[in-house]
Amino acid sequence: MIAHSDVQAAARRIAGHVRRTPLIEVEPGPAGRMWLKLELAQHTGSFKARGAFNHILAARDEGRLPDTGVVAASGGNAGLAFAYAAAEAGVPAEVFVPETAPAVKVARLRALGAAVVQVGTRYAEAQDAAVKRAADTGALLCHAYDLPEVCAGQGTLGLEILEQTGGEVDTVLIAVGGGGLMAGVAAALEGRARVVGVEPETIPTLERALHAGRPVDVDVCGVAADSLGATRLGEIAFSVASRTGVRPLLVTDEAIIEARRHLWDEYRLVVEHGTAAALAALRTGAHRPAPDERVLVVLCGANTDPSDLV
């Protein structure tokens, strides 16, 4: 479980290590006002750098960061962030990724100096391998989305949203996979704005967890599987979503593809399919804002092959 105070502590710890990413106001469409939070401009191309730095720097501050470095499992983005943060902290990183991870992400991991091990076809298999490797080497285990420091670090994005909008935002739309970003932002905005978690119909981790009353395994497939392909929602994400009333929404792969294309055609923004899910909720009417509702869409990552956009 994390709270607003944990996110504030994370913001102090990672200050100077992460970028304050741009916020742009766009044509409101169905909403009273509408913004896009360009977290795709963060170090390593996604919001994950926030949580990675908070976890690794907290371990270093507390004397828990071993010389053997860090071990992480990732569909790609978390691994990039942990590799980057580890390099900044001066320790090695080993990243386990599914064999289905996009080649562009694997290449970037190696460029950042990480040792890359590809195993299995799903994130869960890579995670199991990473846990064993950390136990064998004594390295710091870096979970992609279910560690308090990781979730609190991701939540610093929520604090930026409050600052950049002057606290005038009503609803924040966020893509959900394992739920680390959703958990952090919901904790940061608790009592200040509502959070809507948007996920593909093919990977409904949040929707299924809230329906079952606990995180449950789901099948993983579809166009956004490389970035939102967690087998189940994180325990922290479930606790925060339940406490703060995060609303789940599902969108189709077709809607995700259309929203991703729209971001390129209209704003010349290149995003991952998973990232586009958040906008797809507005484009399809899955979320219908009230006439004066002030809506912000988080564009959380851009580690993708853009060749199918031109």
# chains A, B, ... in the order shown; residues from 1 in each chain; ligands from 1
call {"tool": "select_by_dssp", "arguments": {"residues": "stretch 41-260 of chain A", "states": "helix (DSSP H, G or I)", "output": "PyMOL selection string"}}
result
chain A and resi 41+43-45+48-61+77-89+103-111+123-137+148-154+156-165+180-189+205-212+225-228+235-244+253-260
call {"tool": "closest_atom_pairs", "arguments": {"of": "stretch 27-64 of chain A", "to": "stretch 7-22 of chain A", "cutoff": "9 Å", "atoms": "only C-alpha atoms", "output": "Markdown table"}}
result
| residue | atom | partner | partner_atom | distance |
| --- | --- | --- | --- | --- |
| A:Leu36 | CA | A:Pro22 | CA | 8.5 |
| A:Lys37 | CA | A:Pro22 | CA | 6.3 |
| A:Leu38 | CA | A:Pro22 | CA | 5.4 |
| A:Glu39 | CA | A:Thr21 | CA | 5.6 |
| A:Leu40 | CA | A:Thr21 | CA | 8.1 |
| A:Ala41 | CA | A:Thr21 | CA | 6.2 |
| A:Gln42 | CA | A:Arg19 | CA | 5.8 |
| A:His43 | CA | A:Val18 | CA | 6.7 |
| A:Ala49 | CA | A:Val18 | CA | 7.0 |
| A:Arg50 | CA | A:Val18 | CA | 6.4 |
| A:Gly51 | CA | A:Ala10 | CA | 8.4 |
| A:Phe53 | CA | A:Ile14 | CA | 6.3 |
| A:Asn54 | CA | A:Ala10 | CA | 5.9 |
| A:His55 | CA | A:Ala10 | CA | 9.0 |
| A:Leu57 | CA | A:Arg13 | CA | 7.4 |
| A:Ala58 | CA | A:Arg13 | CA | 7.7 |
call {"tool": "write_last_selection", "arguments": {"atoms": "all heavy atoms", "output": "short mmCIF file (atom, residue, chain, number, x, y, z; two decimals), in the first residue's frame"}}
result
data_model
loop_
_atom_site.label_atom_id
_atom_site.label_comp_id
_atom_site.auth_asym_id
_atom_site.auth_seq_id
_atom_site.Cartn_x
_atom_site.Cartn_y
_atom_site.Cartn_z
N LEU A 36 -2.80 16.50 -22.83
CA LEU A 36 -1.99 15.31 -23.03
C LEU A 36 -0.72 15.47 -22.21
O LEU A 36 0.00 16.46 -22.36
CB LEU A 36 -1.63 15.12 -24.50
CG LEU A 36 -2.78 14.99 -25.50
CD1 LEU A 36 -2.22 14.90 -26.92
CD2 LEU A 36 -3.66 13.79 -25.18
N LYS A 37 -0.44 14.52 -21.33
CA LYS A 37 0.79 14.52 -20.54
C LYS A 37 1.81 13.68 -21.28
O LYS A 37 1.65 12.46 -21.44
CB LYS A 37 0.51 13.94 -19.14
CG LYS A 37 1.76 13.77 -18.27
CD LYS A 37 2.44 15.09 -17.95
CE LYS A 37 3.49 14.88 -16.85
NZ LYS A 37 4.40 16.04 -16.70
N LEU A 38 2.88 14.32 -21.76
CA LEU A 38 3.82 13.68 -22.67
C LEU A 38 4.94 12.97 -21.91
O LEU A 38 6.13 13.29 -22.03
CB LEU A 38 4.40 14.71 -23.65
CG LEU A 38 3.37 15.53 -24.44
CD1 LEU A 38 4.07 16.38 -25.49
CD2 LEU A 38 2.32 14.62 -25.08
N GLU A 39 4.55 11.96 -21.14
CA GLU A 39 5.53 11.19 -20.39
C GLU A 39 6.39 10.32 -21.30
O GLU A 39 7.42 9.80 -20.88
CB GLU A 39 4.83 10.35 -19.33
CG GLU A 39 5.73 9.66 -18.35
CD GLU A 39 6.56 10.60 -17.46
OE1 GLU A 39 6.29 11.82 -17.47
OE2 GLU A 39 7.46 10.10 -16.76
N LEU A 40 6.01 10.21 -22.55
CA LEU A 40 6.83 9.50 -23.53
C LEU A 40 8.19 10.17 -23.72
O LEU A 40 9.12 9.57 -24.27
CB LEU A 40 6.10 9.40 -24.87
CG LEU A 40 5.58 10.71 -25.49
CD1 LEU A 40 6.60 11.37 -26.38
CD2 LEU A 40 4.29 10.45 -26.26
N ALA A 41 8.31 11.43 -23.27
CA ALA A 41 9.57 12.16 -23.37
C ALA A 41 10.48 11.92 -22.17
O ALA A 41 11.55 12.52 -22.06
CB ALA A 41 9.30 13.66 -23.51
N GLN A 42 10.08 11.03 -21.26
CA GLN A 42 10.89 10.72 -20.08
C GLN A 42 12.14 9.94 -20.50
O GLN A 42 12.20 9.36 -21.58
CB GLN A 42 10.05 9.89 -19.09
CG GLN A 42 10.68 9.65 -17.74
CD GLN A 42 11.09 10.93 -17.05
OE1 GLN A 42 12.28 11.28 -17.10
NE2 GLN A 42 10.13 11.65 -16.48
N HIS A 43 13.16 9.93 -19.63
CA HIS A 43 14.34 9.11 -19.87
C HIS A 43 13.92 7.68 -20.22
O HIS A 43 13.02 7.12 -19.59
CB HIS A 43 15.24 9.07 -18.64
CG HIS A 43 15.90 10.37 -18.31
ND1 HIS A 43 16.76 11.00 -19.18
CD2 HIS A 43 15.85 11.14 -17.19
CE1 HIS A 43 17.21 12.13 -18.61
NE2 HIS A 43 16.66 12.22 -17.41
N ALA A 49 11.13 5.22 -15.66
CA ALA A 49 12.36 5.75 -15.05
C ALA A 49 12.09 6.30 -13.65
O ALA A 49 12.97 6.27 -12.78
CB ALA A 49 12.97 6.83 -15.94
N ARG A 50 10.89 6.82 -13.41
CA ARG A 50 10.58 7.40 -12.11
C ARG A 50 10.66 6.34 -11.01
O ARG A 50 11.31 6.53 -9.98
CB ARG A 50 9.18 8.02 -12.15
CG ARG A 50 9.03 9.18 -13.13
CD ARG A 50 7.59 9.65 -13.21
NE ARG A 50 7.40 10.72 -14.19
CZ ARG A 50 7.49 12.02 -13.92
NH1 ARG A 50 7.75 12.41 -12.69
NH2 ARG A 50 7.30 12.91 -14.86
N GLY A 51 9.97 5.24 -11.22
CA GLY A 51 9.97 4.18 -10.23
C GLY A 51 11.32 3.50 -10.10
O GLY A 51 11.73 3.11 -9.00
N PHE A 53 14.34 4.78 -10.56
CA PHE A 53 15.24 5.62 -9.76
C PHE A 53 14.86 5.60 -8.29
O PHE A 53 15.72 5.51 -7.41
CB PHE A 53 15.25 7.06 -10.28
CG PHE A 53 16.31 7.31 -11.31
CD1 PHE A 53 15.99 7.55 -12.63
CD2 PHE A 53 17.66 7.32 -10.96
CE1 PHE A 53 16.96 7.78 -13.59
CE2 PHE A 53 18.65 7.55 -11.90
CZ PHE A 53 18.31 7.78 -13.21
N ASN A 54 13.57 5.66 -7.99
CA ASN A 54 13.17 5.68 -6.59
C ASN A 54 13.57 4.38 -5.88
O ASN A 54 14.07 4.40 -4.75
CB ASN A 54 11.67 5.91 -6.46
CG ASN A 54 11.27 6.28 -5.04
OD1 ASN A 54 11.92 7.11 -4.40
ND2 ASN A 54 10.21 5.68 -4.54
N HIS A 55 13.38 3.26 -6.55
CA HIS A 55 13.73 1.97 -5.94
C HIS A 55 15.23 1.82 -5.75
O HIS A 55 15.70 1.44 -4.66
CB HIS A 55 13.20 0.85 -6.83
CG HIS A 55 13.45 -0.53 -6.30
ND1 HIS A 55 13.14 -0.91 -5.02
CD2 HIS A 55 13.99 -1.63 -6.90
CE1 HIS A 55 13.47 -2.18 -4.83
NE2 HIS A 55 13.99 -2.63 -5.96
N LEU A 57 17.67 4.22 -5.83
CA LEU A 57 18.25 5.23 -4.95
C LEU A 57 17.88 4.99 -3.49
O LEU A 57 18.69 5.24 -2.59
CB LEU A 57 17.82 6.63 -5.40
CG LEU A 57 18.35 7.08 -6.77
CD1 LEU A 57 17.82 8.48 -7.10
CD2 LEU A 57 19.87 7.06 -6.81
N ALA A 58 16.66 4.51 -3.24
CA ALA A 58 16.27 4.18 -1.88
C ALA A 58 17.16 3.07 -1.33
O ALA A 58 17.62 3.12 -0.17
CB ALA A 58 14.81 3.77 -1.82
#
call {"tool": "residues_around", "arguments": {"residues": "stretch 125-137 of chain A", "least_positions_apart": "3", "cutoff": "10 Å", "atoms": "only C-alpha atoms", "output": "PyMOL selection string"}}
result
chain A and resi 66+68-75+94-99+117-122+140-144+231
call {"tool": "residues_around", "arguments": {"residues": "A:Leu189", "least_positions_apart": "5", "cutoff": "9 Å", "atoms": "only C-alpha atoms", "output": "MDAnalysis selection string"}}
result
chainID A and resid 4 155 158:159 161:162 184 194:195
call {"tool": "atom_distance", "arguments": {"atom1": "atom CA of A:Ile24", "atom2": "atom CA of A:Asp253"}}
result
25.9 Å
call {"tool": "select_by_dssp", "arguments": {"residues": "stretch 82-277 of chain A", "states": "strand (DSSP E or B)", "output": "ChimeraX atom specification"}}
result
/A:93-97,115-118,140-142,171-175,194-200,247-251
call {"tool": "write_last_selection", "arguments": {"atoms": "C-alpha atoms", "output": "short mmCIF file (atom, residue, chain, number, x, y, z; two decimals), in the first residue's frame"}}
result
data_model
loop_
_atom_site.label_atom_id
_atom_site.label_comp_id
_atom_site.auth_asym_id
_atom_site.auth_seq_id
_atom_site.Cartn_x
_atom_site.Cartn_y
_atom_site.Cartn_z
CA ALA A 93 22.01 -4.53 -14.50
CA GLU A 94 20.74 -7.86 -15.79
CA VAL A 95 17.33 -7.85 -17.46
CA PHE A 96 15.14 -10.85 -18.25
CA VAL A 97 12.63 -10.29 -21.06
CA ALA A 115 22.99 -8.02 -19.81
CA VAL A 116 19.84 -9.28 -21.54
CA VAL A 117 18.38 -12.76 -21.10
CA GLN A 118 15.36 -13.73 -23.20
CA LEU A 140 18.69 -6.23 -5.90
CA LEU A 141 15.45 -7.56 -7.37
CA CYS A 142 13.54 -4.90 -9.27
CA THR A 171 -10.23 13.01 -14.57
CA VAL A 172 -6.97 11.33 -15.53
CA LEU A 173 -7.00 8.46 -18.05
CA ILE A 174 -4.13 5.98 -17.69
CA ALA A 175 -3.32 2.74 -19.49
CA ARG A 194 -10.44 10.70 -10.25
CA VAL A 195 -8.36 8.12 -12.08
CA VAL A 196 -9.69 5.89 -14.87
CA GLY A 197 -7.66 2.79 -15.72
CA VAL A 198 -7.92 1.81 -19.38
CA GLU A 199 -6.86 -1.61 -20.59
CA PRO A 200 -7.28 -3.79 -23.68
CA ARG A 247 -12.75 3.01 -12.54
CA PRO A 248 -11.78 0.33 -15.11
CA LEU A 249 -12.55 0.66 -18.81
CA LEU A 250 -11.90 -1.79 -21.63
CA VAL A 251 -11.08 -0.94 -25.26
#
call {"tool": "closest_residue", "arguments": {"among": "A:Thr165, A:Ser46, A:Thr202, A:Asn77", "to": "A:Ile256", "atoms": "only C-alpha atoms"}}
result
A:Thr202
call {"tool": "residues_around", "arguments": {"residues": "A:Glu168", "least_positions_apart": "5", "cutoff": "12 Å", "atoms": "only C-alpha atoms", "output": "number ranges by chain"}}
result
A: 32-35, 161-163, 189, 192-194, 292-296
call {"tool": "closest_residue", "arguments": {"among": "A:Ile2, A:Val169, A:Ile257, A:Leu157", "to": "A:Leu299", "atoms": "only C-alpha atoms"}}
result
A:Leu157
call {"tool": "closest_residue", "arguments": {"among": "A:Leu263, A:Ala186, A:Val150, A:Ala124", "to": "A:Val218", "atoms": "only C-alpha atoms"}}
result
A:Ala124
call {"tool": "atom_distance", "arguments": {"atom1": "atom CA of A:Val310", "atom2": "atom CA of A:Val270"}}
result
10.7 Å
call {"tool": "atom_distance", "arguments": {"atom1": "atom CA of A:Ile236", "atom2": "atom CA of A:Asp217"}}
result
15.4 Å
call {"tool": "closest_residue", "arguments": {"among": "A:Leu65, A:Leu206, A:Ala188, A:Leu228", "to": "A:Ala86", "atoms": "only C-alpha atoms"}}
result
A:Leu65
call {"tool": "closest_residue", "arguments": {"among": "A:Tyr145, A:Trp264, A:Thr252, A:Val26", "to": "A:Ala286", "atoms": "only C-alpha atoms"}}
result
A:Thr252
